[in-house]
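Novice: One structure is given below, represented as structure tokens, and several questions about it will come after.
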Amino acid sequence: MTATPAATRTVGVDIQESEANRSVVEAIEATNDGCTVKHMPGLVRISAPGRLVVTREAVEERLGREWETHEFQLAIVSYFGHIKEWDDDEIVIAWDH
Amino acid sequence: MTIAPKGPRKLTMKQRYEALTRDLDWEPSYVDKRDVFPHTEFEGIKIHDWGKWEDPFRLTVDAYAKYQAEKDKRLYAVLDGFAQSQGHLSLTDASYLNAMKVFLQGVTPLEYTAHRNFAYLARHLNGPGPRFAALCQSIDELRHTQTEIHTLSNYNKYYGGFHNYLEQHDRVWYLSVPKSFFDDALSAGPFEFLIAIGFSFEYLLTNLLFVPFMSGASFNGDLPTMTFGFSAQSDESRHMTLGLEAIKFILEQDEGNVPIVQAWIDKWFWRGYRVTALVAQMLDYMLPRKVMSWKESFELYFEEQMLGGLFADLAFYGITPPKHVDDAIAEKETLSHQVYWTLYQFSHAAAFTTSVPDAEHQQWLRDNYPDTFEQLYQPLWAKEEKNIEAGGRHFWRGLPQLCQVCQVPMLFTEPGDPTTICQRESVYDGETFQTCSNGCQWIFEREPEKYVQAWLPVHQIYQGSCGGPTLPDVLQWYGLEEGDSGEYKGSVDEKNWNTWHDDHAPTGTEG
């Protein structure tokens, strides 16, 4: 099977559009070069080639308060790809193979 | 100078997860492990090391409770605000609620069934990681059942079709489609259930069910449904992860698992896909203000994300896209039209109402289905408009043949030939059985001893199990009341809606 390699296949996440989540969306935009942001009714979809990362630091900078990565559970509506990492500092969505 | 003793060091997420979720497991010493977990061998799946299961969410009980409570608080604040401000009056139209009626009758009871089965997995899987993930999902599903009922109960004060959804789920013909789908999964083994619901439904198809639907709610002024939808869906991303972890884990554990899993994917993709036929018509016909067409949604959420993204990933394990996926792709331009045309003709026996799409709606359908709507379906509606002018809005008075597997009436057409009804026949034990498609026939012939037992609503009516021999007997047994069914124009819902909006009345009369 001649599939597109994991490094370039699109991954993405759908986030609820809300005041609190705006910082999260902005942080993701700033952290991921080449990502695309699409607004749909009630939600924001961010996709990127190969890999998408949410870092605690970038969110906290914009939010102006401490933010634990668990809080991302309140923002996420759906995603595509595979959650490769979810620790105290970052969440990484990417394909494996 | 004395240095103050350091406070206890905070554990990292990984350490907390190891300590509070994994380390609470123990090896049984005086009972054989097989007696503790007796259900994980008979399906032929081989697991060598349950410790290899990964849970990227790294949830612990305290974190789970904290965030779920927050989600509920946010939701209930919205429900209260909406009810207090007479929010139902700001919907686009009362007919919008037909989509919600189908949702409450068809989907909410499935959440409860999912709750039950994930509780079973939380007891019966050997590893502590998957057991805890299944336990969280089990509680999530119960939360979804409750929040959906609470959310939609507000509409039950003002509109028909919401009052008897639980009994109807067990009895009414179109609801046997989602019910039999989930019962099929419920009566499978634990690994097949994981692939059926955890993977095929939650990961492959759930976006198709929820995301456009909830955007539809947002677009049509239904704030509570949008909020419960997104609230539920935020759990759903955890469920998708469970499904994806499950399949990768099973495939990595033993090469012998690959063909078993492939056959389950082939089966459960098609089973789940057939259930989404109900969603297809909701998107294209039941939302007064449209978000995206079924075709567009299918292309984005299924073809692009799943076939283009996920299956390229699974190819690594030797997994190929589901067997009948080409048939599904081939019917994306005809599916919703065929389903709604059928529901339109049978809505006198349903707990929702239907109507001919108006001129603006038909224009939207032409724009979104340039290759099929004008040629194939517009003439049907034109003919029906003439019937109505002549005073004869038509309802089908007979009973349809149902597919033995998906239980949808035989309304689908041959792949590549949208004017010939597809009907497959199989003989088992001297009896003939009908299926609606290559996919359903393949599923039937793989396990005929299971599907010959199907509780088919039409057969049951003829056998006298549904309240009596006449249509009114059956409708009474369904618990349908005046205003629940039939044509939307002139219905109780429409009359009330017009009264509330024309007179600027503060609220409707209840009941």
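Order determines the names: the first chain of the structure tokens is A, the second B, and so forth; residues in each chain are numbered 1 upward, and ligands are numbered 1 upward as they are shown.
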Quick one: residues within 9 Å of A:Pro5, only C-alpha atoms, excluding same-chain residues fewer than 2 positions away - as a ChimeraX atom specification?

Specialist: /A:2-3,7-9,50,95,97 /B:312-313

Novice: Could you pull the residues within 9 Å of stretch 25-39 of chain A, counting only C-alpha atoms, minus those fewer than 2 positions along the same chain, as JSON, numbers by chain?

Specialist: {"A": [12, 15, 17, 21, 22, 23, 41, 42, 43, 44, 45, 46, 47, 48, 49, 51, 52, 53, 54, 55, 56, 57, 58, 59, 60, 61, 62]}

Novice: Could you work out which residues of chain A fall inside 8 Å of chain B? Count only C-alpha atoms, and format the result as a VMD selection string.

Specialist: chain A and resid 1 3 to 4 6 9 to 11 16 40 to 43 70 to 71 73 to 88 95 to 97

Novice: Generate the output file for the selected residues, N, CA and C atoms, as a CSV table (one decimal), in the first residue's frame.

Specialist:
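Result went into result_39.csv, see below:
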chain,number,residue,atom,x,y,z
A,1,MET,N,0.8,-1.2,0.0
A,1,MET,CA,0.0,0.0,0.0
A,1,MET,C,0.9,1.2,0.0
A,3,ALA,N,0.9,4.4,1.0
A,3,ALA,CA,0.2,5.5,1.7
A,3,ALA,C,1.1,6.6,1.9
A,4,THR,N,0.5,7.8,2.2
A,4,THR,CA,1.2,9.0,2.6
A,4,THR,C,1.9,8.7,3.9
A,6,ALA,N,3.5,8.8,7.7
A,6,ALA,CA,2.9,9.4,8.9
A,6,ALA,C,3.4,10.8,9.1
A,9,ARG,N,0.9,13.0,6.8
A,9,ARG,CA,-0.6,12.8,6.9
A,9,ARG,C,-1.2,13.7,7.9
A,10,THR,N,-2.3,14.3,7.5
A,10,THR,CA,-3.0,15.3,8.4
A,10,THR,C,-3.5,14.7,9.7
A,11,VAL,N,-3.2,15.4,10.8
A,11,VAL,CA,-3.8,15.1,12.1
A,11,VAL,C,-4.6,16.4,12.4
A,16,GLN,N,-14.1,23.2,21.2
A,16,GLN,CA,-15.3,24.0,21.4
A,16,GLN,C,-14.9,25.5,21.4
A,40,MET,N,-16.2,26.4,12.5
A,40,MET,CA,-17.5,25.8,12.2
A,40,MET,C,-18.4,26.3,13.3
A,41,PRO,N,-19.8,26.1,13.1
A,41,PRO,CA,-20.7,26.6,14.1
A,41,PRO,C,-20.4,25.9,15.5
A,42,GLY,N,-20.0,26.7,16.4
A,42,GLY,CA,-19.7,26.2,17.8
A,42,GLY,C,-18.4,25.6,18.0
A,43,LEU,N,-17.6,25.4,16.9
A,43,LEU,CA,-16.3,24.7,17.2
A,43,LEU,C,-15.2,25.2,16.2
A,70,HIS,N,-4.6,18.3,31.8
A,70,HIS,CA,-5.9,17.7,31.9
A,70,HIS,C,-7.0,18.6,31.5
A,71,GLU,N,-6.8,19.9,31.7
A,71,GLU,CA,-7.9,20.8,31.4
A,71,GLU,C,-8.3,20.8,29.9
A,73,GLN,N,-9.2,18.4,28.4
A,73,GLN,CA,-10.4,17.5,28.3
A,73,GLN,C,-11.7,18.3,28.2
A,74,LEU,N,-11.6,19.5,28.8
A,74,LEU,CA,-12.8,20.4,28.8
A,74,LEU,C,-13.0,21.1,27.4
A,75,ALA,N,-11.9,21.1,26.7
A,75,ALA,CA,-11.9,21.9,25.4
A,75,ALA,C,-12.2,21.0,24.2
A,76,ILE,N,-11.6,19.8,24.2
A,76,ILE,CA,-11.6,18.9,23.1
A,76,ILE,C,-13.0,18.3,22.7
A,77,VAL,N,-13.4,18.4,21.5
A,77,VAL,CA,-14.6,17.8,21.1
A,77,VAL,C,-14.3,16.5,20.3
A,78,SER,N,-13.3,16.5,19.5
A,78,SER,CA,-12.9,15.3,18.8
A,78,SER,C,-11.5,15.5,18.2
A,79,TYR,N,-10.9,14.4,17.7
A,79,TYR,CA,-9.6,14.6,17.1
A,79,TYR,C,-9.4,13.5,16.0
A,80,PHE,N,-8.4,13.6,15.2
A,80,PHE,CA,-8.1,12.5,14.3
A,80,PHE,C,-6.6,12.4,14.3
A,81,GLY,N,-6.1,11.2,14.4
A,81,GLY,CA,-4.7,10.9,14.6
A,81,GLY,C,-4.6,10.0,15.8
A,82,HIS,N,-3.5,10.0,16.5
A,82,HIS,CA,-3.3,9.2,17.6
A,82,HIS,C,-2.7,10.0,18.7
A,83,ILE,N,-3.2,9.9,19.9
A,83,ILE,CA,-2.6,10.7,21.0
A,83,ILE,C,-1.3,10.0,21.4
A,84,LYS,N,-0.2,10.5,21.0
A,84,LYS,CA,1.1,9.9,21.3
A,84,LYS,C,1.6,10.2,22.7
A,85,GLU,N,1.3,11.4,23.1
A,85,GLU,CA,1.8,11.8,24.4
A,85,GLU,C,0.8,12.7,25.1
A,86,TRP,N,0.7,12.6,26.4
A,86,TRP,CA,-0.2,13.5,27.1
A,86,TRP,C,0.4,13.5,28.5
A,87,ASP,N,1.3,14.4,28.8
A,87,ASP,CA,1.9,14.5,30.1
A,87,ASP,C,1.7,15.9,30.7
A,88,ASP,N,2.5,16.2,31.7
A,88,ASP,CA,2.3,17.5,32.4
A,88,ASP,C,2.5,18.7,31.6
A,95,TRP,N,0.3,10.5,13.8
A,95,TRP,CA,0.1,9.1,13.4
A,95,TRP,C,1.3,8.3,13.7
A,96,ASP,N,1.2,7.0,13.9
A,96,ASP,CA,2.3,6.1,14.3
A,96,ASP,C,3.1,5.6,13.1
A,97,HIS,N,2.4,5.2,12.1
A,97,HIS,CA,3.1,4.5,11.0
A,97,HIS,C,2.9,5.2,9.6

Novice: Please list as number ranges by chain every residue within 9 Å of B:Ile197, counting only C-alpha atoms and excluding residues in the same chain fewer than 2 positions away.

Specialist: B: 114, 182, 185, 192-195, 199-203, 243, 268, 272

Novice: Neighbours of B:Gln476 within 12 Å (only C-alpha atoms; same-chain residues fewer than 6 positions away dropped), as a ChimeraX atom specification?

Specialist: /B:164,167-168,171-172,349-351,466-470,482,484

Novice: Taking only chain A into account, list the residues labelled strand (DSSP E or B) by DSSP (computed from the backbone), as an NGL selection string.

Specialist: :A and (10-16 or 36-40 or 43-49 or 51-55 or 76-80 or 82-86 or 90-94)

Novice: Would you please work out which residue, of B:Glu445, B:Pro109, B:Phe162, B:Phe249, is nearest to B:Trp53 when using only C-alpha atoms?

Specialist: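 Closest candidate: B:Phe249.
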
Novice: Write out as a PyMOL selection string which residues come within 9 Å of stretch 96-108 of chain B when counting only C-alpha atoms, dropping same-chain ones fewer than 6 positions away.

Specialist: chain B and resi 144-146+148-149+152+155+159-162+164-169+174-179+213+217+220+225+278-279+282-283+286-289+351-354

Novice: Can you write just those residues out, C-alpha atoms, as a compact mmCIF listing (two decimals), in the first residue's frame?

Specialist:
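This is the output file selection37.txt:
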# COMPACT_ATOMS: atom_id res chain seq x y z
CA HIS B 144 -24.66 10.91 28.57
CA THR B 145 -27.93 9.06 29.05
CA GLN B 146 -28.88 11.32 31.92
CA GLU B 148 -29.53 13.85 27.10
CA ILE B 149 -32.77 13.03 28.88
CA LEU B 152 -34.53 17.16 25.89
CA TYR B 155 -38.92 20.26 24.96
CA TYR B 159 -43.77 19.50 21.76
CA GLY B 160 -44.97 16.05 20.71
CA GLY B 161 -42.86 12.94 20.13
CA PHE B 162 -40.69 13.09 23.24
CA ASN B 164 -42.44 7.67 25.32
CA TYR B 165 -38.95 7.20 23.88
CA LEU B 166 -37.86 4.29 26.08
CA GLU B 167 -40.77 2.03 25.28
CA GLN B 168 -40.66 3.13 21.67
CA HIS B 169 -36.99 2.20 21.43
CA TYR B 174 -37.31 2.36 12.66
CA LEU B 175 -35.87 2.25 16.17
CA SER B 176 -35.12 -1.44 15.85
CA VAL B 177 -32.32 -0.28 13.53
CA PRO B 178 -30.15 1.29 16.26
CA LYS B 179 -31.41 -1.10 18.95
CA PHE B 213 -25.28 17.06 14.33
CA ALA B 217 -28.03 22.25 16.89
CA ASN B 220 -30.69 26.08 14.70
CA THR B 225 -28.36 20.17 22.67
CA LEU B 278 -30.72 7.80 10.00
CA VAL B 279 -28.20 10.59 10.57
CA MET B 282 -31.41 14.23 9.57
CA LEU B 283 -28.59 16.33 8.16
CA MET B 286 -34.60 17.60 9.13
CA LEU B 287 -32.49 20.66 9.92
CA PRO B 288 -34.30 23.86 8.85
CA ARG B 289 -30.95 25.65 8.67
CA ALA B 351 -42.87 9.47 16.59
CA PHE B 352 -41.82 12.39 14.41
CA THR B 353 -43.35 14.37 11.56
CA THR B 354 -42.18 14.94 8.00
